[in-house]
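Peer 1: start_26.tsv is the file, holding TSV, C-alpha atoms:
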chain	number	residue	atom	x	y	z
X	247	MET	CA	21.14	-40.26	10.63
X	248	GLN	CA	20.21	-36.89	12.14
X	249	THR	CA	23.25	-35.32	10.49
X	250	GLU	CA	22.15	-36.64	7.09
X	251	LYS	CA	18.63	-35.26	7.59
X	252	ALA	CA	20.02	-31.90	8.66
X	253	GLU	CA	22.25	-31.82	5.58
X	254	ALA	CA	19.29	-32.76	3.38
X	255	ARG	CA	17.21	-29.95	4.88
X	256	LYS	CA	20.06	-27.53	4.49
X	257	SER	CA	20.67	-28.42	0.88
X	258	PHE	CA	16.92	-28.16	0.11
X	259	ARG	CA	16.85	-24.68	1.62
X	260	GLN	CA	19.92	-23.71	-0.34
X	261	ARG	CA	18.31	-24.95	-3.54
X	262	VAL	CA	15.02	-23.13	-2.95
X	263	ALA	CA	16.27	-19.86	-1.43
X	264	LEU	CA	16.42	-16.92	-3.83
X	265	ARG	CA	19.77	-15.20	-4.20
X	266	SER	CA	18.60	-12.15	-6.14
X	267	SER	CA	17.50	-9.38	-3.79
X	268	LEU	CA	15.14	-8.03	-6.46
X	269	ALA	CA	13.49	-11.46	-6.83
X	270	LYS	CA	13.00	-11.61	-3.05
X	271	GLU	CA	11.42	-8.16	-3.08
X	272	MET	CA	9.10	-9.08	-5.95
X	273	LEU	CA	7.98	-12.24	-4.16
X	274	SER	CA	7.43	-10.20	-1.01
X	275	GLU	CA	5.30	-7.58	-2.79
X	276	PHE	CA	3.28	-10.31	-4.51
X	277	LEU	CA	2.51	-12.01	-1.20
X	278	GLY	CA	1.78	-8.76	0.62
X	279	THR	CA	-0.71	-7.57	-2.00
X	280	PHE	CA	-2.25	-11.05	-2.09
X	281	ILE	CA	-2.80	-10.92	1.68
X	282	MET	CA	-4.26	-7.41	1.52
X	283	ILE	CA	-6.81	-8.37	-1.14
X	284	VAL	CA	-7.92	-11.66	0.40
X	285	LEU	CA	-8.32	-10.27	3.91
X	286	GLY	CA	-9.34	-6.72	2.98
X	287	CYS	CA	-11.83	-7.50	0.23
X	288	GLY	CA	-12.86	-10.50	2.32
X	289	CYS	CA	-14.25	-8.02	4.87
X	290	VAL	CA	-16.33	-6.49	2.08
X	291	ALA	CA	-17.47	-9.91	0.87
X	292	GLN	CA	-18.63	-10.96	4.34
X	293	ALA	CA	-20.62	-7.75	4.81
X	294	VAL	CA	-22.19	-7.81	1.34
X	295	LEU	CA	-23.03	-11.51	1.11
X	296	SER	CA	-24.55	-11.54	4.60
X	297	ARG	CA	-26.54	-8.39	3.71
X	298	GLY	CA	-25.02	-6.60	6.67
X	299	HIS	CA	-25.60	-9.29	9.29
X	300	PHE	CA	-21.91	-10.19	9.58
X	301	GLY	CA	-20.32	-6.85	8.84
X	302	GLY	CA	-20.86	-3.18	8.23
X	303	ILE	CA	-19.04	0.12	7.86
X	304	VAL	CA	-16.95	-0.47	11.00
X	305	THR	CA	-15.77	-3.95	10.01
X	306	LEU	CA	-15.07	-2.70	6.48
X	307	ASN	CA	-12.90	0.24	7.59
X	308	VAL	CA	-11.15	-1.50	10.47
X	309	GLY	CA	-10.90	-4.88	8.77
X	310	PHE	CA	-9.36	-3.56	5.56
X	311	ALA	CA	-6.93	-1.43	7.56
X	312	MET	CA	-5.88	-4.46	9.61
X	313	ALA	CA	-5.40	-6.42	6.39
X	314	VAL	CA	-2.91	-3.75	5.32
X	315	VAL	CA	-1.20	-3.96	8.72
X	316	MET	CA	-0.81	-7.75	8.44
X	317	ALA	CA	0.50	-7.47	4.88
X	318	VAL	CA	3.10	-4.86	5.87
X	319	TYR	CA	4.22	-6.95	8.85
X	320	VAL	CA	4.75	-9.94	6.56
X	321	THR	CA	6.66	-8.04	3.86
X	322	GLY	CA	8.10	-4.90	5.45
X	323	GLY	CA	11.46	-6.39	6.33
X	324	VAL	CA	12.07	-7.66	2.79
X	325	SER	CA	10.63	-5.13	0.34
X	326	GLY	CA	9.42	-2.31	2.56
X	327	GLY	CA	5.82	-3.51	2.37
X	328	HIS	CA	4.71	-1.04	-0.29
X	329	ILE	CA	1.84	-3.26	-1.58
X	330	ASN	CA	0.76	-0.23	-3.61
X	331	PRO	CA	2.14	1.03	-6.95
X	332	ALA	CA	1.48	4.62	-5.86
X	333	VAL	CA	3.75	4.16	-2.82
X	334	SER	CA	6.47	2.54	-4.96
X	335	PHE	CA	6.16	5.38	-7.49
X	336	ALA	CA	6.55	8.01	-4.75
X	337	MET	CA	9.57	6.18	-3.35
X	338	CYS	CA	11.26	6.26	-6.75
X	339	LEU	CA	10.21	9.83	-7.54
X	340	PHE	CA	11.78	11.17	-4.36
X	341	GLY	CA	14.94	9.11	-4.38
X	342	ARG	CA	13.96	6.50	-1.82
X	343	MET	CA	14.11	3.61	-4.28
X	344	LYS	CA	15.91	3.03	-7.59
X	345	TRP	CA	13.79	3.55	-10.71
X	346	PHE	CA	14.73	0.24	-12.32
X	347	LYS	CA	12.88	-1.58	-9.52
X	348	LEU	CA	9.57	0.17	-10.17
X	349	PRO	CA	8.20	-2.03	-12.99
X	350	PHE	CA	9.15	-5.16	-11.06
X	351	TYR	CA	7.44	-3.93	-7.89
X	352	MET	CA	4.35	-2.85	-9.81
X	353	GLY	CA	4.17	-6.12	-11.73
X	354	ALA	CA	4.36	-8.14	-8.51
X	355	GLN	CA	1.69	-5.96	-6.88
X	356	PHE	CA	-0.74	-6.23	-9.79
X	357	LEU	CA	-0.22	-10.00	-10.01
X	358	GLY	CA	-0.63	-10.41	-6.26
X	359	ALA	CA	-3.90	-8.46	-6.32
X	360	PHE	CA	-5.20	-10.56	-9.23
X	361	ALA	CA	-4.27	-13.81	-7.47
X	362	GLY	CA	-5.84	-12.54	-4.25
X	363	SER	CA	-9.08	-11.79	-6.10
X	364	ALA	CA	-9.13	-15.29	-7.55
X	365	ALA	CA	-8.54	-16.82	-4.11
X	366	LEU	CA	-11.31	-14.75	-2.55
X	367	PHE	CA	-13.68	-15.66	-5.38
X	368	GLY	CA	-12.96	-19.33	-4.68
X	369	VAL	CA	-13.53	-18.98	-0.94
X	370	TYR	CA	-16.89	-17.25	-1.41
X	371	TYR	CA	-17.95	-18.99	-4.63
X	372	ASP	CA	-21.03	-20.68	-3.15
X	373	GLY	CA	-22.02	-17.47	-1.38
X	374	LEU	CA	-21.74	-15.49	-4.61
X	375	MET	CA	-23.76	-18.07	-6.54
X	376	SER	CA	-26.57	-18.08	-3.97
X	377	PHE	CA	-26.66	-14.31	-3.37
X	378	ALA	CA	-28.63	-13.22	-6.43
X	379	GLY	CA	-29.77	-16.47	-7.95
X	380	GLY	CA	-26.37	-17.18	-9.47
X	381	LYS	CA	-26.19	-13.82	-11.26
X	382	LEU	CA	-23.03	-11.75	-10.95
X	383	ILE	CA	-24.33	-8.18	-10.94
X	384	ILE	CA	-22.29	-4.98	-11.20
X	385	MET	CA	-24.68	-2.26	-10.00
X	386	GLY	CA	-27.86	-2.22	-7.96
X	387	GLU	CA	-29.27	-3.77	-4.82
X	388	ASN	CA	-27.84	-7.23	-5.53
X	389	ALA	CA	-24.50	-6.03	-6.88
X	390	THR	CA	-21.40	-7.99	-5.89
X	391	ALA	CA	-18.74	-6.48	-8.15
X	392	HIS	CA	-17.93	-3.88	-5.51
X	393	ILE	CA	-16.64	-6.67	-3.27
X	394	PHE	CA	-13.53	-6.62	-5.44
X	395	ALA	CA	-13.15	-3.13	-6.92
X	396	THR	CA	-14.39	0.37	-6.09
X	397	TYR	CA	-17.28	2.09	-7.86
X	398	PRO	CA	-18.42	5.74	-7.74
X	399	ALA	CA	-21.50	7.02	-5.96
X	400	PRO	CA	-24.35	7.89	-8.38
X	401	TYR	CA	-23.89	11.64	-7.85
X	402	LEU	CA	-20.13	11.64	-8.50
X	403	SER	CA	-18.60	13.19	-11.62
X	404	LEU	CA	-15.33	11.92	-13.07
X	405	ALA	CA	-13.57	15.19	-12.21
X	406	ASN	CA	-14.71	14.98	-8.60
X	407	ALA	CA	-13.76	11.31	-8.44
X	408	PHE	CA	-10.29	12.07	-9.77
X	409	ALA	CA	-9.84	14.86	-7.22
X	410	ASP	CA	-11.01	12.46	-4.49
X	411	GLN	CA	-8.33	9.91	-5.36
X	412	VAL	CA	-5.62	12.54	-5.69
X	413	VAL	CA	-6.40	14.09	-2.29
X	414	SER	CA	-6.80	10.81	-0.38
X	415	THR	CA	-3.55	9.40	-1.78
X	416	MET	CA	-1.80	12.70	-1.10
X	417	PHE	CA	-2.62	12.36	2.60
X	418	LEU	CA	-1.57	8.71	2.54
X	419	ILE	CA	1.90	9.55	1.22
X	420	ILE	CA	2.37	12.60	3.48
X	421	VAL	CA	1.83	10.47	6.57
X	422	VAL	CA	3.83	7.50	5.24
X	423	PHE	CA	6.79	9.81	4.61
X	424	ALA	CA	6.40	11.24	8.12
X	425	ILE	CA	6.28	7.79	9.71
X	426	PHE	CA	9.61	6.80	8.17
X	427	ASP	CA	11.30	10.17	8.60
X	428	SER	CA	13.98	9.54	11.23
X	429	ARG	CA	14.36	13.28	11.86
X	430	ASN	CA	10.67	13.73	12.65
X	431	LEU	CA	8.91	12.31	15.72
X	432	GLY	CA	8.97	8.86	14.11
X	433	VAL	CA	7.34	5.64	15.29
X	434	PRO	CA	8.87	3.01	17.59
X	435	LYS	CA	10.52	0.30	15.50
X	436	GLY	CA	8.09	-2.47	14.68
X	437	LEU	CA	4.98	-0.34	15.18
X	438	GLU	CA	5.07	1.36	11.76
X	439	PRO	CA	2.48	-1.03	10.25
X	440	VAL	CA	0.09	-0.33	13.14
X	441	VAL	CA	0.28	3.42	12.54
X	442	ILE	CA	-0.27	2.82	8.81
X	443	GLY	CA	-3.37	0.85	9.76
X	444	LEU	CA	-4.65	3.76	11.84
X	445	LEU	CA	-4.00	6.02	8.86
X	446	ILE	CA	-6.07	3.75	6.58
X	447	ILE	CA	-8.92	3.78	9.10
X	448	VAL	CA	-9.07	7.58	9.25
X	449	LEU	CA	-8.79	7.93	5.47
X	450	ALA	CA	-11.55	5.40	4.85
X	451	SER	CA	-13.73	6.99	7.54
X	452	SER	CA	-13.30	10.53	6.22
X	453	LEU	CA	-12.77	10.18	2.45
X	454	GLY	CA	-14.47	6.91	1.57
X	455	LEU	CA	-17.99	8.09	0.69
X	456	ASN	CA	-17.43	9.20	-2.91
X	457	CYS	CA	-15.78	6.13	-4.40
X	458	GLY	CA	-14.45	3.82	-1.74
X	459	CYS	CA	-11.04	5.38	-1.06
X	460	ALA	CA	-9.00	2.94	-3.18
X	461	MET	CA	-5.72	4.94	-3.18
X	462	ASN	CA	-4.04	1.94	-4.81
X	463	PRO	CA	-3.97	1.11	-8.55
X	464	ALA	CA	-3.23	-2.59	-7.94
X	465	ARG	CA	-5.96	-2.92	-5.32
X	466	ASP	CA	-8.52	-1.67	-7.85
X	467	LEU	CA	-7.43	-2.53	-11.41
X	468	SER	CA	-6.42	-6.17	-10.90
X	469	PRO	CA	-9.59	-7.16	-9.02
X	470	ARG	CA	-11.65	-5.28	-11.62
X	471	LEU	CA	-9.96	-7.22	-14.40
X	472	PHE	CA	-10.57	-10.45	-12.52
X	473	THR	CA	-14.30	-9.71	-12.20
X	474	ALA	CA	-14.46	-8.94	-15.93
X	475	LEU	CA	-13.02	-12.39	-16.66
X	476	ALA	CA	-14.85	-14.27	-13.89
X	477	GLY	CA	-18.40	-13.57	-15.03
X	478	TRP	CA	-19.34	-9.97	-14.29
X	479	GLY	CA	-18.29	-8.99	-17.81
X	480	PHE	CA	-16.36	-6.07	-19.21
X	481	ASP	CA	-19.09	-3.64	-18.22
X	482	VAL	CA	-17.05	-3.31	-15.01
X	483	PHE	CA	-14.85	-0.99	-17.10
X	484	ARG	CA	-17.79	0.98	-18.52
X	485	VAL	CA	-19.97	1.78	-15.51
X	486	GLY	CA	-19.67	5.16	-13.86
X	487	ASN	CA	-18.83	6.81	-17.19
X	488	HIS	CA	-15.72	4.60	-17.56
X	489	PHE	CA	-14.65	5.28	-13.98
X	490	TRP	CA	-12.06	2.46	-13.95
X	491	TRP	CA	-9.04	4.65	-14.81
X	492	VAL	CA	-9.62	7.08	-11.93
X	493	PRO	CA	-8.34	4.77	-9.12
X	494	VAL	CA	-5.37	3.94	-11.35
X	495	LEU	CA	-4.13	7.37	-12.40
X	496	GLY	CA	-5.46	9.44	-9.50
X	497	PRO	CA	-3.34	7.73	-6.81
X	498	LEU	CA	-0.17	8.16	-8.88
X	499	VAL	CA	-0.79	11.91	-9.18
X	500	GLY	CA	-1.72	12.11	-5.50
X	501	ALA	CA	1.44	10.23	-4.51
X	502	ALA	CA	3.61	12.73	-6.40
X	503	ILE	CA	1.83	15.69	-4.81
X	504	GLY	CA	1.91	14.14	-1.33
X	505	GLY	CA	5.64	13.46	-1.46
X	506	PHE	CA	6.32	16.97	-2.77
X	507	VAL	CA	4.18	18.56	-0.04
X	508	TYR	CA	5.93	16.64	2.75
X	509	ILE	CA	9.38	17.47	1.47
X	510	LEU	CA	8.52	21.13	0.82
X	511	PHE	CA	6.77	21.78	4.13
X	512	ILE	CA	8.70	19.47	6.48
X	513	GLU	CA	11.71	17.52	5.25
X	514	ILE	CA	13.86	20.25	3.70
X	515	HIS	CA	13.56	22.33	6.87
X	516	HIS	CA	15.20	19.71	9.10
X	517	PRO	CA	18.60	20.87	10.41
X	518	ASP	CA	21.53	19.48	8.43
X	519	PRO	CA	23.18	16.79	10.62
X	520	SER	CA	26.63	17.49	9.14
X	521	LEU	CA	26.33	21.20	9.96
X	522	ASP	CA	25.20	20.37	13.50
X	523	PHE	CA	28.19	18.07	13.92
X	524	LYS	CA	30.59	20.77	12.71
X	525	THR	CA	28.99	23.30	15.08
X	526	GLU	CA	29.37	20.90	18.00
X	527	GLN	CA	33.04	20.31	17.13
X	528	LEU	CA	33.63	24.07	16.94
X	529	GLU	CA	31.96	24.63	20.30
X	530	GLU	CA	34.08	21.85	21.87
X	531	LYS	CA	37.28	23.43	20.52
X	532	GLN	CA	36.25	26.84	21.87
X	533	GLU	CA	35.52	25.36	25.31
X	534	LYS	CA	38.91	23.61	25.39
X	535	TYR	CA	40.64	26.81	24.33
X	536	GLU	CA	38.85	28.85	26.99
X	537	LEU	CA	39.73	26.23	29.61
X	538	SER	CA	43.45	26.28	28.68
X	539	VAL	CA	43.49	30.09	28.87
X	540	VAL	CA	41.98	30.02	32.35
X	541	MET	CA	44.50	27.41	33.50
I'd like the structure from this file rewritten - as structure tokens, please.
Peer 2:
Amino acid sequence: MQTEKAEARKSFRQRVALRSSLAKEMLSEFLGTFIMIVLGCGCVAQAVLSRGHFGGIVTLNVGFAMAVVMAVYVTGGVSGGHINPAVSFAMCLFGRMKWFKLPFYMGAQFLGAFAGSAALFGVYYDGLMSFAGGKLIIMGENATAHIFATYPAPYLSLANAFADQVVSTMFLIIVVFAIFDSRNLGVPKGLEPVVIGLLIIVLASSLGLNCGCAMNPARDLSPRLFTALAGWGFDVFRVGNHFWWVPVLGPLVGAAIGGFVYILFIEIHHPDPSLDFKTEQLEEKQEKYELSVVM
């Protein structure tokens, strides 16, 4: 009887398990981005809907960073835990991932962020309906759209906003490349997500004032699209002088610059391991020769 049950379980697993590595990676990126949005934007929702009584700037910065950490822990061993089209783009641009995977990774990330937004909307539906008399407002004192997507400060120009996203994502990629550079100081295996979380905290704490430090096209565009469809309306794409494209394009540019800067200033200056090996072999031969001469 137990053998039959074990065989049934085994066959079920065999039927369900994906064989395509790309399909596994897509599923992983979908789930990781889903987790990031539900837990990360959930921190924002709790702070906003409680009017600051159950959250503030500390819970926003630390909570969102920890959401990223959890997402990377869940997905890192399967897909690398990119959960960000800008990261995937940088990986392809600098030869760390094959280009044909990029649209699949990006598609999974955008879908995961959209699904995460829908899940969060469902969890906080009653809170959203009671917050401003059932009105879903984009800007102002009773605004709730910024729970899901980022919006610029009133003083911010589009050019400054674009520069903000480029610079913040540049730093993100520089440090991510350093974390996974085996010839640099590196991070103990298994602690990489924690260091990424610390990076998110410092970026949000230092570069978050202007427009929320999105640094992630999927984290911003998919939730924004969800809010447009869920009742806030398509003005979410018009406010801030049509700001919506800045957190989409800016991080991609910043990712390219960040990867280039790390490689130019750090990576290409590492000693060549093959040359070091040849030098060591030559030194060993010389020592043996000297020893034989002495003998």
Peer 1: Per residue of segment 312-373 of chain X within 12 Å of segment 431-450 of chain X, note the shortest atom pair and the distance in Å to one decimal, counting only C-alpha atoms, and order the rows by chain and increasing residue number, as JSON lines.
Peer 2:
{"residue": "X:Met312", "atom": "CA", "partner": "X:Gly443", "partner_atom": "CA", "distance": 5.9}
{"residue": "X:Ala313", "atom": "CA", "partner": "X:Gly443", "partner_atom": "CA", "distance": 8.3}
{"residue": "X:Val314", "atom": "CA", "partner": "X:Gly443", "partner_atom": "CA", "distance": 6.4}
{"residue": "X:Val315", "atom": "CA", "partner": "X:Pro439", "partner_atom": "CA", "distance": 4.9}
{"residue": "X:Met316", "atom": "CA", "partner": "X:Pro439", "partner_atom": "CA", "distance": 7.7}
{"residue": "X:Ala317", "atom": "CA", "partner": "X:Pro439", "partner_atom": "CA", "distance": 8.6}
{"residue": "X:Val318", "atom": "CA", "partner": "X:Pro439", "partner_atom": "CA", "distance": 5.9}
{"residue": "X:Tyr319", "atom": "CA", "partner": "X:Pro439", "partner_atom": "CA", "distance": 6.3}
{"residue": "X:Val320", "atom": "CA", "partner": "X:Pro439", "partner_atom": "CA", "distance": 9.9}
{"residue": "X:Thr321", "atom": "CA", "partner": "X:Pro439", "partner_atom": "CA", "distance": 10.4}
{"residue": "X:Gly322", "atom": "CA", "partner": "X:Pro439", "partner_atom": "CA", "distance": 8.3}
{"residue": "X:Gly323", "atom": "CA", "partner": "X:Gly436", "partner_atom": "CA", "distance": 9.8}
{"residue": "X:Gly326", "atom": "CA", "partner": "X:Pro439", "partner_atom": "CA", "distance": 10.4}
{"residue": "X:Gly327", "atom": "CA", "partner": "X:Pro439", "partner_atom": "CA", "distance": 8.9}
{"residue": "X:His328", "atom": "CA", "partner": "X:Pro439", "partner_atom": "CA", "distance": 10.8}
Peer 1: In Å to one decimal, how far is atom CA of Thr396 of chain X from atom CA of Trp478 of chain X?
Peer 2: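 A separation of 14.1 Å between them.
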Peer 1: X:Asn330, X:Cys287, X:Asp518, X:Thr305: which is nearest Leu357 of chain X, counting only C-alpha atoms?
Peer 2: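 Counting only C-alpha atoms, the residue closest to Leu357 of chain X is X:Asn330.
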Peer 1: Using all atoms listed in the file, tabulate the residues of segment 275-304 of chain X lying at most 12 Å from any atom of segment 344-351 of chain X, each with its closest atom pair and that distance in Å to one decimal, by chain and increasing residue number, as a tab-separated table.
Peer 2:
residue	atom	partner	partner_atom	distance
X:Glu275	CA	X:Tyr351	CA	6.6
X:Phe276	CA	X:Tyr351	CA	8.3
X:Leu277	CA	X:Tyr351	CA	11.6
X:Gly278	CA	X:Tyr351	CA	11.3
X:Thr279	CA	X:Tyr351	CA	10.7
Peer 1: For the atom pair atom CA of His392 of chain X and atom CA of Val494 of chain X, what is the interatomic distance in Å to one decimal place?
Peer 2: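 Taking atom CA of His392 of chain X as the start and atom CA of Val494 of chain X as the end point, the length is 15.9 Å.
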Peer 1: Using all atoms listed in the file, find the one residue out of X:Gly288, X:Gly309, X:Gly496, X:Pro400 that sits nearest to Tyr370 of chain X.
Peer 2: X:Gly288
Peer 1: Quote the spacing between atom CA of Phe356 of chain X and atom CA of Phe472 of chain X in Å to one decimal place.
Peer 2: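 Rounded to one decimal, the two atoms are 11.0 Å apart.
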Peer 1: Which of these residues is nearest to Met272 of chain X, using all atoms listed in the file: X:Ile329, X:Gly477, X:Ala407, X:Ala391?
Peer 2: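 For Met272 of chain X, the nearest of the given residues is X:Ile329.
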Peer 1: Let me make sure I understand: among X:Thr415, X:Ser274, X:Asn487, X:Ser376, which one has the smallest atom-to-atom distance to Gln355 of chain X if we use all atoms listed in the file?
Peer 2: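 Counting all atoms listed in the file, the residue closest to Gln355 of chain X is X:Ser274.
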Peer 1: Name all residues at most 7 Å from Phe394 of chain X (count only C-alpha atoms; drop same-chain ones fewer than 4 positions away) and give them as JSON, numbers by chain.
Peer 2: {"X": [287, 363, 469, 470]}
Peer 1: Neighbouring residues of segment 482-484 of chain X were defined as those with any atom within 12 Å, considering only C-alpha atoms; residues of the same chain fewer than 3 positions away were excluded. Please report them as an MDAnalysis selection string.
Peer 2: chainID X and resid 382:385 389:392 394:398 466:479 487:493
Peer 1: Calculated over all atoms listed in the file, which of the candidates X:Leu268, X:Ile281, X:Cys457, X:Ile503 has the smallest distance to Tyr401 of chain X?
Peer 2: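 Among the listed residues, the smallest separation from Tyr401 of chain X belongs to X:Cys457.
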Peer 1: Using all atoms listed in the file, which residue out of X:Gly302, X:Tyr508, X:Gln260, X:Arg297 lies closest to Asn430 of chain X?
Peer 2: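 The closest residue to Asn430 of chain X is X:Tyr508.
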Peer 1: If I only want segment 452-461 of chain X, can you write it with all heavy atoms, as a compact mmCIF listing (two decimals), in the first residue's frame?
Peer 2:
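The result, written out as out-v6.txt:
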# COMPACT_ATOMS: atom_id res chain seq x y z
N SER X 452 19.01 57.13 0.72
CA SER X 452 19.81 58.24 0.20
C SER X 452 19.27 58.84 -1.09
O SER X 452 19.45 60.03 -1.35
CB SER X 452 21.25 57.79 -0.03
OG SER X 452 21.29 56.70 -0.95
N LEU X 453 18.59 58.02 -1.91
CA LEU X 453 18.15 58.49 -3.23
C LEU X 453 16.65 58.28 -3.46
O LEU X 453 16.21 58.18 -4.60
CB LEU X 453 18.95 57.76 -4.32
CG LEU X 453 20.47 57.96 -4.30
CD1 LEU X 453 21.15 57.07 -5.34
CD2 LEU X 453 20.83 59.43 -4.55
N GLY X 454 15.90 58.22 -2.38
CA GLY X 454 14.47 57.96 -2.53
C GLY X 454 13.57 59.18 -2.51
O GLY X 454 12.38 59.07 -2.79
N LEU X 455 14.11 60.35 -2.19
CA LEU X 455 13.27 61.54 -2.00
C LEU X 455 12.59 62.00 -3.28
O LEU X 455 11.41 62.32 -3.29
CB LEU X 455 14.12 62.68 -1.42
CG LEU X 455 13.41 64.04 -1.27
CD1 LEU X 455 12.26 63.94 -0.28
CD2 LEU X 455 14.40 65.11 -0.83
N ASN X 456 13.32 62.03 -4.37
CA ASN X 456 12.80 62.62 -5.61
C ASN X 456 11.59 61.89 -6.16
O ASN X 456 10.56 62.50 -6.48
CB ASN X 456 13.89 62.66 -6.67
CG ASN X 456 14.89 63.77 -6.43
OD1 ASN X 456 14.59 64.75 -5.76
ND2 ASN X 456 16.09 63.61 -6.97
N CYS X 457 11.73 60.56 -6.32
CA CYS X 457 10.63 59.83 -6.97
C CYS X 457 10.55 58.37 -6.52
O CYS X 457 10.13 57.50 -7.29
CB CYS X 457 10.74 59.91 -8.49
SG CYS X 457 12.35 59.50 -9.17
N GLY X 458 10.95 58.11 -5.29
CA GLY X 458 10.69 56.79 -4.73
C GLY X 458 11.70 55.71 -5.01
O GLY X 458 11.53 54.59 -4.54
N CYS X 459 12.73 55.98 -5.79
CA CYS X 459 13.82 55.03 -5.99
C CYS X 459 13.32 53.68 -6.52
O CYS X 459 13.60 52.62 -5.96
CB CYS X 459 14.55 54.82 -4.67
SG CYS X 459 16.30 54.41 -4.84
N ALA X 460 12.59 53.70 -7.64
CA ALA X 460 12.03 52.47 -8.20
C ALA X 460 13.13 51.52 -8.67
O ALA X 460 13.18 50.36 -8.29
CB ALA X 460 11.09 52.79 -9.36
N MET X 461 13.99 51.98 -9.57
CA MET X 461 15.14 51.22 -10.09
C MET X 461 14.74 49.90 -10.76
O MET X 461 15.57 49.01 -10.94
CB MET X 461 16.16 50.91 -8.98
CG MET X 461 16.66 52.11 -8.23
SD MET X 461 17.83 51.68 -6.92
CE MET X 461 16.77 50.77 -5.80
